[in-house]
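Structure file start_34.tsv; described as TSV, C-alpha atoms.
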```tsv
chain	number	residue	atom	x	y	z
A	1	MET	CA	75.08	104.62	60.93
A	2	ASN	CA	74.44	100.87	61.24
A	3	ALA	CA	72.90	100.50	64.71
A	4	PHE	CA	73.05	96.70	64.71
A	5	SER	CA	76.74	96.71	63.82
A	6	ALA	CA	77.43	99.28	66.56
A	7	VAL	CA	75.68	97.14	69.18
A	8	ARG	CA	77.58	94.06	68.04
A	9	ASP	CA	80.92	95.86	68.28
A	10	LEU	CA	80.12	97.17	71.75
A	11	GLN	CA	79.08	93.71	72.89
A	12	SER	CA	82.36	92.32	71.57
A	13	LEU	CA	84.30	95.01	73.43
A	14	VAL	CA	82.53	94.29	76.73
A	15	ASN	CA	83.18	90.57	76.30
A	16	THR	CA	86.86	91.18	75.57
A	17	VAL	CA	87.24	93.35	78.69
A	18	ALA	CA	85.57	90.63	80.74
A	19	VAL	CA	87.93	87.95	79.38
A	20	ILE	CA	90.97	90.06	80.28
A	21	GLY	CA	89.64	91.91	83.27
A	22	VAL	CA	87.70	89.35	85.32
A	23	PRO	CA	90.81	87.27	86.16
A	24	LEU	CA	92.69	90.52	86.73
A	25	GLN	CA	90.10	91.86	89.16
A	26	TRP	CA	90.40	88.72	91.27
A	27	PHE	CA	94.17	89.12	91.24
A	28	VAL	CA	93.57	92.66	92.55
A	29	VAL	CA	91.25	91.39	95.30
A	30	GLY	CA	93.74	88.67	96.22
A	31	GLY	CA	96.61	91.14	96.18
A	32	ALA	CA	94.61	93.51	98.39
A	33	CYS	CA	94.00	90.72	100.93
A	34	VAL	CA	97.72	89.89	100.99
A	35	LEU	CA	98.51	93.60	101.35
A	36	ILE	CA	96.25	93.87	104.40
A	37	VAL	CA	97.82	90.79	106.01
A	38	VAL	CA	101.33	92.13	105.44
A	39	ALA	CA	100.25	95.51	106.84
A	40	VAL	CA	98.83	94.20	110.12
A	41	LEU	CA	101.25	91.38	110.98
A	42	PRO	CA	104.60	92.59	112.42
A	43	PRO	CA	106.61	89.55	111.17
A	44	PHE	CA	106.04	90.77	107.60
A	45	ALA	CA	107.20	94.35	108.28
A	46	GLU	CA	110.29	94.04	106.10
A	47	TRP	CA	108.10	93.08	103.12
A	48	ARG	CA	105.73	96.03	103.33
A	49	SER	CA	107.42	98.27	100.78
A	50	LEU	CA	107.69	95.40	98.33
A	51	ALA	CA	104.05	94.43	98.88
A	52	LEU	CA	102.83	97.97	98.29
A	53	GLY	CA	105.00	98.23	95.17
A	54	ALA	CA	103.56	94.99	93.79
A	55	MET	CA	100.02	96.11	94.56
A	56	THR	CA	100.63	99.47	92.90
A	57	ALA	CA	101.95	97.72	89.80
A	58	LEU	CA	98.87	95.47	89.73
A	59	LEU	CA	96.55	98.47	90.00
A	60	VAL	CA	98.47	100.25	87.22
A	61	ILE	CA	98.07	97.20	84.95
A	62	GLY	CA	94.34	97.19	85.67
A	63	GLU	CA	94.14	100.90	84.93
A	64	GLY	CA	95.92	100.24	81.65
A	65	VAL	CA	93.19	97.78	80.69
A	66	LEU	CA	90.56	100.38	81.55
A	67	VAL	CA	92.39	103.04	79.50
A	68	TRP	CA	92.37	100.70	76.49
A	69	PHE	CA	88.67	100.01	77.07
A	70	HIS	CA	87.84	103.73	77.15
A	71	ILE	CA	89.85	104.44	74.01
A	72	ARG	CA	88.00	101.69	72.15
A	73	LEU	CA	84.72	102.91	73.61
A	74	TYR	CA	85.39	106.38	72.21
A	75	GLN	CA	85.98	104.88	68.77
A	76	LEU	CA	82.79	102.78	68.92
A	77	THR	CA	80.35	105.42	70.21
A	78	PRO	CA	79.76	108.03	67.50
A	79	LEU	CA	76.74	110.31	67.59
A	80	VAL	CA	75.04	110.96	64.25
A	81	ASP	CA	72.41	113.63	63.75
A	82	PRO	CA	69.48	111.72	62.19
A	83	SER	CA	68.25	114.83	60.35
A	84	THR	CA	71.55	115.55	58.57
A	85	HIS	CA	73.29	112.15	58.90
A	86	LYS	CA	76.43	114.00	59.96
A	87	LEU	CA	78.73	113.01	62.82
A	88	SER	CA	78.35	115.36	65.78
A	89	GLY	CA	81.08	113.70	67.84
A	90	HIS	CA	82.15	110.69	69.88
A	91	MET	CA	81.45	109.94	73.56
A	92	ALA	CA	84.63	110.54	75.59
A	93	VAL	CA	83.84	108.69	78.82
A	94	SER	CA	86.34	109.54	81.55
A	95	LEU	CA	88.18	107.07	83.77
A	96	TRP	CA	86.55	108.15	87.05
A	97	VAL	CA	82.84	107.52	86.60
A	98	GLU	CA	80.48	104.81	87.83
A	99	GLY	CA	82.23	101.70	89.16
A	100	GLU	CA	85.74	102.96	88.39
A	101	ARG	CA	85.84	105.73	90.98
A	102	LEU	CA	87.03	103.79	94.02
A	103	TYR	CA	89.61	102.05	91.84
A	104	VAL	CA	91.08	105.44	90.92
A	105	TRP	CA	91.09	106.46	94.59
A	106	ALA	CA	92.92	103.25	95.55
A	107	LEU	CA	95.49	103.69	92.79
A	108	THR	CA	96.17	107.31	93.75
A	109	VAL	CA	96.65	106.41	97.43
A	110	ALA	CA	99.01	103.60	96.40
A	111	ILE	CA	101.13	105.97	94.30
A	112	LEU	CA	101.29	108.53	97.10
A	113	GLY	CA	102.21	105.73	99.50
A	114	MET	CA	105.16	104.84	97.29
A	115	LEU	CA	106.34	108.46	97.65
A	116	LEU	CA	106.31	108.42	101.46
A	117	ARG	CA	109.65	109.26	103.04
A	118	LYS	CA	109.17	110.75	106.52
A	119	GLN	CA	108.10	108.19	109.16
A	120	ARG	CA	107.56	105.70	106.34
A	121	GLU	CA	107.73	102.61	108.53
A	122	HIS	CA	104.98	103.94	110.80
A	123	LEU	CA	102.71	105.29	108.07
A	124	LEU	CA	103.06	102.44	105.58
A	125	PRO	CA	100.73	99.97	107.38
A	126	GLY	CA	97.87	102.48	107.44
A	127	VAL	CA	98.39	103.41	103.81
A	128	MET	CA	98.47	99.73	102.85
A	129	LEU	CA	95.25	99.08	104.76
A	130	SER	CA	93.62	102.01	102.94
A	131	VAL	CA	94.75	100.77	99.52
A	132	GLY	CA	93.63	97.22	100.30
A	133	LEU	CA	90.18	98.20	101.55
A	134	LEU	CA	89.57	100.67	98.72
A	135	SER	CA	90.63	98.07	96.15
A	136	ILE	CA	88.42	95.32	97.58
A	137	VAL	CA	85.35	97.53	97.94
A	138	GLY	CA	85.99	99.12	94.54
A	139	ILE	CA	86.16	95.74	92.78
A	140	LEU	CA	83.29	94.04	94.62
A	141	SER	CA	80.88	96.97	94.52
A	142	GLY	CA	81.89	98.65	91.26
A	143	SER	CA	82.80	95.67	89.04
A	144	PRO	CA	84.86	97.90	86.73
A	145	PHE	CA	85.99	94.94	84.60
A	146	SER	CA	83.14	92.43	84.73
A	147	ASN	CA	80.34	95.01	84.40
A	148	PRO	CA	81.92	98.19	82.98
A	149	LEU	CA	79.99	101.46	82.77
A	150	PRO	CA	76.45	99.96	82.92
A	151	THR	CA	74.70	103.35	83.08
A	152	PHE	CA	76.53	104.79	80.08
A	153	LEU	CA	76.06	101.63	78.01
A	154	ALA	CA	72.35	101.67	78.88
A	155	GLN	CA	72.06	105.27	77.66
A	156	TYR	CA	73.94	104.58	74.45
A	157	SER	CA	72.00	101.35	73.83
A	158	GLN	CA	68.74	103.27	74.07
A	159	TYR	CA	70.12	105.79	71.60
A	160	LEU	CA	70.99	102.97	69.17
A	161	GLN	CA	67.51	101.49	69.53
A	162	ALA	CA	65.99	104.88	68.75
A	163	MET	CA	68.26	105.31	65.72
A	164	ALA	CA	67.08	101.93	64.43
A	165	ILE	CA	63.45	103.04	64.77
A	166	GLY	CA	64.09	106.43	63.12
A	167	GLY	CA	61.79	109.42	62.87
A	168	GLY	CA	61.06	111.63	65.86
A	169	THR	CA	62.22	108.93	68.26
A	170	ALA	CA	65.71	109.05	66.76
A	171	ALA	CA	65.79	112.86	66.80
A	172	GLY	CA	64.80	113.02	70.47
A	173	ALA	CA	67.33	110.35	71.45
A	174	TRP	CA	70.10	112.13	69.57
A	175	GLN	CA	69.32	115.45	71.21
A	176	GLY	CA	69.44	113.86	74.65
A	177	MET	CA	72.73	112.06	74.02
A	178	GLU	CA	74.28	115.11	72.37
A	179	ALA	CA	73.45	117.22	75.43
A	180	THR	CA	74.99	114.53	77.65
A	181	ARG	CA	78.07	114.46	75.44
A	182	GLN	CA	78.58	118.22	75.49
A	183	PHE	CA	77.78	118.96	79.12
A	184	TYR	CA	78.91	115.79	80.88
A	185	TYR	CA	81.12	113.17	79.26
A	186	ASN	CA	83.04	115.43	76.87
A	187	ALA	CA	83.01	118.57	78.99
A	188	TRP	CA	86.52	119.68	79.94
A	189	PHE	CA	85.25	120.09	83.50
A	190	MET	CA	84.73	116.33	83.66
A	191	TRP	CA	88.38	115.78	82.81
A	192	VAL	CA	89.64	118.26	85.43
A	193	HIS	CA	87.11	118.54	88.28
A	194	PRO	CA	86.95	114.85	89.43
A	195	PRO	CA	90.72	114.13	89.16
A	196	LEU	CA	91.48	117.11	91.38
A	197	LEU	CA	89.02	115.82	93.95
A	198	TYR	CA	90.36	112.27	93.87
A	199	PHE	CA	93.92	113.50	94.31
A	200	SER	CA	92.77	115.51	97.32
A	201	TYR	CA	90.92	112.48	98.70
A	202	ALA	CA	94.10	110.41	98.40
A	203	ALA	CA	96.19	113.09	100.12
A	204	PHE	CA	93.61	113.36	102.90
A	205	THR	CA	93.75	109.58	103.31
A	206	VAL	CA	97.49	109.73	103.98
A	207	SER	CA	96.90	112.68	106.30
A	208	PHE	CA	94.32	110.65	108.24
A	209	VAL	CA	96.81	107.79	108.64
A	210	ALA	CA	99.30	110.27	110.13
A	211	ILE	CA	96.60	111.68	112.44
A	212	VAL	CA	95.87	108.20	113.77
A	213	GLN	CA	99.58	107.73	114.45
A	214	MET	CA	99.71	111.13	116.16
A	215	ILE	CA	96.86	110.13	118.47
A	216	ARG	CA	98.49	106.77	119.12
A	217	TRP	CA	102.05	107.95	119.81
A	218	ARG	CA	101.45	111.61	120.75
A	219	TYR	CA	104.46	112.56	118.68
A	220	SER	CA	104.53	115.98	117.04
A	221	GLY	CA	106.34	114.65	113.97
A	222	PHE	CA	103.19	112.83	112.89
A	223	GLU	CA	101.16	116.01	113.30
A	224	THR	CA	103.54	117.84	110.97
A	225	ILE	CA	103.21	115.08	108.38
A	226	ALA	CA	99.41	115.05	108.70
A	227	TYR	CA	99.32	118.80	108.22
A	228	GLY	CA	101.58	118.61	105.17
A	229	TRP	CA	99.42	116.03	103.40
A	230	ALA	CA	96.21	117.85	104.33
A	231	ARG	CA	97.63	121.08	102.95
A	232	LEU	CA	98.60	119.24	99.76
A	233	GLY	CA	95.02	117.97	99.36
A	234	TYR	CA	93.34	121.24	100.33
A	235	LEU	CA	94.40	123.24	97.25
A	236	PRO	CA	93.15	120.74	94.61
A	237	LEU	CA	89.97	120.27	96.67
A	238	THR	CA	89.34	124.01	96.62
A	239	VAL	CA	90.19	124.41	92.94
A	240	GLY	CA	88.12	121.36	92.03
A	241	MET	CA	85.07	122.69	93.86
A	242	LEU	CA	85.46	126.12	92.26
A	243	ILE	CA	85.70	124.52	88.82
A	244	GLY	CA	82.56	122.53	89.57
A	245	PHE	CA	80.55	125.71	90.13
A	246	PRO	CA	80.56	127.07	86.52
A	247	TRP	CA	80.13	123.50	85.25
A	248	ALA	CA	76.97	123.16	87.33
A	249	LEU	CA	75.66	126.50	86.07
A	250	GLU	CA	76.17	125.38	82.49
A	251	ALA	CA	75.03	121.78	82.76
A	252	TRP	CA	72.05	122.10	85.15
A	253	THR	CA	70.53	125.40	84.11
A	254	GLY	CA	67.09	125.73	85.64
A	255	GLU	CA	67.66	123.03	88.27
A	256	SER	CA	68.08	123.71	91.98
A	257	TRP	CA	71.38	121.85	92.10
A	258	TRP	CA	72.68	124.06	94.94
A	259	TRP	CA	70.22	122.31	97.29
A	260	SER	CA	71.73	118.92	96.46
A	261	GLY	CA	72.75	116.99	99.57
A	262	PHE	CA	76.05	116.07	97.97
A	263	VAL	CA	76.87	119.72	97.16
A	264	ASN	CA	76.12	120.81	100.71
A	265	MET	CA	78.11	117.95	102.22
A	266	SER	CA	81.04	118.85	99.95
A	267	ILE	CA	80.95	122.41	101.24
A	268	MET	CA	80.78	121.10	104.81
A	269	MET	CA	83.82	118.88	104.13
A	270	TRP	CA	85.74	121.88	102.79
A	271	LEU	CA	84.79	123.90	105.90
A	272	PHE	CA	85.96	121.12	108.21
A	273	TYR	CA	89.34	120.91	106.49
A	274	THR	CA	89.59	124.70	106.53
A	275	ALA	CA	88.96	124.65	110.29
A	276	TYR	CA	91.53	121.86	110.75
A	277	LEU	CA	94.26	123.72	108.87
A	278	HIS	CA	93.55	126.98	110.68
A	279	ALA	CA	93.28	125.39	114.13
A	280	ARG	CA	96.88	124.27	113.72
A	281	LEU	CA	97.95	127.92	114.05
A	282	TYR	CA	97.17	127.58	117.76
A	283	LEU	CA	98.78	124.18	118.20
A	284	ARG	CA	101.18	125.39	120.90
A	285	ARG	CA	98.33	126.20	123.27
A	286	LYS	CA	97.72	123.72	126.07
A	287	ASN	CA	95.93	120.54	124.89
A	288	MET	CA	95.23	122.17	121.51
A	289	TRP	CA	96.67	119.14	119.74
A	290	ARG	CA	93.62	117.14	120.90
A	291	LEU	CA	91.25	119.53	119.13
A	292	VAL	CA	93.44	119.55	116.02
A	293	ALA	CA	93.53	115.76	115.95
A	294	ALA	CA	89.77	115.57	116.46
A	295	LEU	CA	89.15	118.05	113.65
A	296	GLY	CA	91.45	116.16	111.29
A	297	ALA	CA	89.79	112.81	112.03
A	298	LEU	CA	86.32	114.33	111.82
A	299	SER	CA	87.17	115.99	108.51
A	300	PHE	CA	88.12	112.64	107.00
A	301	GLY	CA	84.90	111.13	108.37
A	302	VAL	CA	82.92	113.85	106.61
A	303	LEU	CA	84.89	113.11	103.42
A	304	VAL	CA	83.85	109.45	103.55
A	305	LEU	CA	80.21	110.42	104.19
A	306	THR	CA	80.37	112.88	101.28
A	307	TYR	CA	81.54	110.12	98.97
A	308	ILE	CA	78.81	107.75	100.19
A	309	ALA	CA	76.28	110.52	99.56
A	310	THR	CA	76.83	110.14	95.79
A	311	TYR	CA	75.10	106.76	96.09
A	312	VAL	CA	72.31	107.45	98.56
A	313	VAL	CA	71.41	111.15	98.35
A	314	PRO	CA	69.16	112.14	95.42
A	315	GLY	CA	70.46	114.92	93.21
A	316	ALA	CA	72.66	115.76	90.26
A	317	HIS	CA	75.59	113.69	91.59
A	318	SER	CA	73.55	110.66	92.61
A	319	TYR	CA	74.45	107.22	91.32
A	320	ALA	CA	71.84	105.40	93.39
A	321	ALA	CA	69.79	104.21	90.42
A	322	MET	CA	72.37	102.12	88.62
A	323	ALA	CA	71.44	100.39	85.39
A	324	PRO	CA	71.39	96.60	84.97
A	325	GLY	CA	74.37	94.69	83.59
A	326	ALA	CA	75.88	96.04	80.42
A	327	GLU	CA	75.86	92.67	78.68
A	328	MET	CA	72.09	92.19	79.07
A	329	LEU	CA	71.43	95.78	77.95
A	330	LEU	CA	73.50	95.35	74.81
A	331	LYS	CA	71.80	92.07	73.98
A	332	THR	CA	68.41	93.76	74.37
A	333	ALA	CA	69.53	96.62	72.17
A	334	CYS	CA	70.85	94.14	69.62
A	335	LEU	CA	67.45	92.45	69.38
A	336	ALA	CA	65.69	95.79	69.14
A	337	CYS	CA	68.03	96.97	66.41
A	338	ARG	CA	67.43	93.81	64.44
A	339	GLY	CA	63.71	94.45	64.59
A	340	GLY	CA	64.09	98.11	63.71
A	341	LEU	CA	66.40	97.46	60.78
A	342	ALA	CA	64.33	94.64	59.33
```

Would you mind writing the file's structure down as structure tokens?
Amino acid sequence: MNAFSAVRDLQSLVNTVAVIGVPLQWFVVGGACVLIVVAVLPPFAEWRSLALGAMTALLVIGEGVLVWFHIRLYQLTPLVDPSTHKLSGHMAVSLWVEGERLYVWALTVAILGMLLRKQREHLLPGVMLSVGLLSIVGILSGSPFSNPLPTFLAQYSQYLQAMAIGGGTAAGAWQGMEATRQFYYNAWFMWVHPPLLYFSYAAFTVSFVAIVQMIRWRYSGFETIAYGWARLGYLPLTVGMLIGFPWALEAWTGESWWWSGFVNMSIMMWLFYTAYLHARLYLRRKNMWRLVAALGALSFGVLVLTYIATYVVPGAHSYAAMAPGAEMLLKTACLACRGGLA
């Protein structure tokens, strides 16, 4: 394995994504701003479906760029056992890690918004606002195109540096990356667990929009819609959390992951949505709709706090300590590889 060549190819890939993606990400931000304006101003009501469709198409194009980037990344990130010089596998980085997570959430909400039929004219503004805000925050905070996967590229760059040095350093780096490959990036859980959760988050977002309309208009039709979307999100949320349990047992053996703040907040979120769905059984009781609405709104608030916890709460799910920019890391690795290969 030529470590210097690998670093050079990765650097070229990151630069190519930046050339294509940086203008695209500003189109996404601009489109999100237009979407918000169209959502909140009544004179543009007749353009709302068209605006959401255009924004969805823009997000799909961006996701296509990210899919291409991940495919190329898989091809350019082999792991070679330094003791046998045999390929142990490639790094299959999923499309919902690091700065790409909010982008996936925004795209999923946009697609669900396109499928709205009941009370569409009333729900569309809230869905559009959600898509616009998620897109803006996702681009500005995550930089999925201008600074893609900085943590992963930092890890792999360190592995390449170690391979250039050789000896025990290379063996230790390979063992660490191989464990990460098997139990995180390439684990089938990683390709099932997060997508289920993000689909449920998107469904809960639409449900929250309907709850707001129910509180505003006090119309039972909105409550029925809110319940339907919450029920749709509840099953994948439950399955996703159950799938995460054996994954945690396998990946974090010996660690007290069950005390993680994120894990406990996730359980609390599930309990809130369970209470919301069950409270609806008593909806016909006097003023019960107020409690149901409060539970639904509170459940979504807990969902948002649970997502934020991945950034601020220490633990297995924490992303608080993000690596520096990928470009600088690859340049550093390139220099180190040159020195190690000399």

Legend entry - Close residues, Ala171 (chain A) itself excluded, 10 Å, all atoms listed in the file, min 3 positions apart in chain, as a ChimeraX atom specification: /A:80-83,159,162-163,166-168,174-176

Legend entry - For His90 (chain A), the nearest of the candidates A:Val60, A:Ile111, A:Ile71, A:Leu10, counting only C-alpha atoms: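 Among A:Val60, A:Ile111, A:Ile71, A:Leu10, it is A:Ile71 that comes nearest to His90 (chain A).
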
Inset, instruction - Measure the distance from CA of Glu178 (chain A) to CA of His70 (chain A) in Å and round it to one decimal. - result: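 Atom-to-atom, CA of Glu178 (chain A) to CA of His70 (chain A), that is 18.3 Å.
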
Inset, instruction - Record the distance separating CA of Gln25 (chain A) and CA of Met55 (chain A), expressed in Å with one decimal. - result: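 Separation of CA of Gln25 (chain A) and CA of Met55 (chain A): 12.1 Å.
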
Legend entry - Pick from A:Pro195, A:Gly138, A:Gly132, A:Gly296 nearest to Thr274 (chain A), counting only C-alpha atoms: A:Gly296

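One distance worth recording is that between CA of Gly89 (chain A) and CA of Tyr156 (chain A), which is 13.3 Å.
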
Edge lengths and centre in Å, axis-aligned, region 170-183 of chain A plus 6 Å each side, as lines of an AutoDock Vina configuration file:
```
center_x = 71.7
center_y = 114.0
center_z = 72.9
size_x = 25.8
size_y = 21.9
size_z = 24.4
```

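With all atoms listed in the file as the basis for measurement, A:Glu100 is the residue among A:Gly31, A:Glu100, A:His193, A:Gly126 that approaches Pro150 (chain A) most closely.
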
Inset, instruction - Give me the residues within 12 Å of Leu123 (chain A) as a PyMOL selection string, counting all atoms listed in the file and dropping any in the same chain fewer than 2 places off. - result: chain A and resi 39-40+45+48-49+112-121+125-130+205-214+216+221-222+225-226

Inset, instruction - Excluding Leu140 (chain A) and any residue of its chain fewer than 2 positions from it, enumerate the residues within 12 Å of it, using all atoms listed in the file, and give them as an NGL selection string. - result: :A and (22 or 25-26 or 28-30 or 32 or 99-100 or 102-103 or 133-138 or 142-147)

Could you model N, CA and C atoms for region 29-41 of chain A and present them as a PDB file, in the frame of the given file?
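Contents of rebuild14.pdb, as written:
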```pdb
ATOM      1  N   VAL A  29      91.859  91.694  94.002  1.00  0.00           N
ATOM      2  CA  VAL A  29      91.250  91.390  95.300  1.00  0.00           C
ATOM      3  C   VAL A  29      92.192  90.527  96.137  1.00  0.00           C
ATOM      4  N   GLY A  30      92.785  89.507  95.496  1.00  0.00           N
ATOM      5  CA  GLY A  30      93.740  88.670  96.220  1.00  0.00           C
ATOM      6  C   GLY A  30      94.953  89.445  96.682  1.00  0.00           C
ATOM      7  N   GLY A  31      95.468  90.304  95.803  1.00  0.00           N
ATOM      8  CA  GLY A  31      96.610  91.140  96.180  1.00  0.00           C
ATOM      9  C   GLY A  31      96.272  92.080  97.309  1.00  0.00           C
ATOM     10  N   ALA A  32      95.046  92.607  97.317  1.00  0.00           N
ATOM     11  CA  ALA A  32      94.610  93.510  98.390  1.00  0.00           C
ATOM     12  C   ALA A  32      94.539  92.760  99.720  1.00  0.00           C
ATOM     13  N   CYS A  33      94.059  91.525  99.693  1.00  0.00           N
ATOM     14  CA  CYS A  33      94.000  90.720 100.930  1.00  0.00           C
ATOM     15  C   CYS A  33      95.399  90.454 101.467  1.00  0.00           C
ATOM     16  N   VAL A  34      96.323  90.114 100.573  1.00  0.00           N
ATOM     17  CA  VAL A  34      97.720  89.890 100.990  1.00  0.00           C
ATOM     18  C   VAL A  34      98.305  91.187 101.549  1.00  0.00           C
ATOM     19  N   LEU A  35      97.999  92.298 100.898  1.00  0.00           N
ATOM     20  CA  LEU A  35      98.510  93.600 101.350  1.00  0.00           C
ATOM     21  C   LEU A  35      98.044  93.897 102.771  1.00  0.00           C
ATOM     22  N   ILE A  36      96.791  93.619 103.069  1.00  0.00           N
ATOM     23  CA  ILE A  36      96.250  93.870 104.400  1.00  0.00           C
ATOM     24  C   ILE A  36      96.937  92.982 105.433  1.00  0.00           C
ATOM     25  N   VAL A  37      97.140  91.709 105.090  1.00  0.00           N
ATOM     26  CA  VAL A  37      97.820  90.790 106.010  1.00  0.00           C
ATOM     27  C   VAL A  37      99.230  91.261 106.305  1.00  0.00           C
ATOM     28  N   VAL A  38      99.963  91.657 105.263  1.00  0.00           N
ATOM     29  CA  VAL A  38     101.330  92.130 105.440  1.00  0.00           C
ATOM     30  C   VAL A  38     101.348  93.420 106.269  1.00  0.00           C
ATOM     31  N   ALA A  39     100.308  94.241 106.114  1.00  0.00           N
ATOM     32  CA  ALA A  39     100.250  95.510 106.840  1.00  0.00           C
ATOM     33  C   ALA A  39     100.034  95.310 108.342  1.00  0.00           C
ATOM     34  N   VAL A  40      99.230  94.335 108.712  1.00  0.00           N
ATOM     35  CA  VAL A  40      98.830  94.200 110.120  1.00  0.00           C
ATOM     36  C   VAL A  40      99.712  93.242 110.921  1.00  0.00           C
ATOM     37  N   LEU A  41     100.440  92.357 110.256  1.00  0.00           N
ATOM     38  CA  LEU A  41     101.250  91.380 110.980  1.00  0.00           C
ATOM     39  C   LEU A  41     102.712  91.840 111.052  1.00  0.00           C
TER      40      LEU A  41
END
```
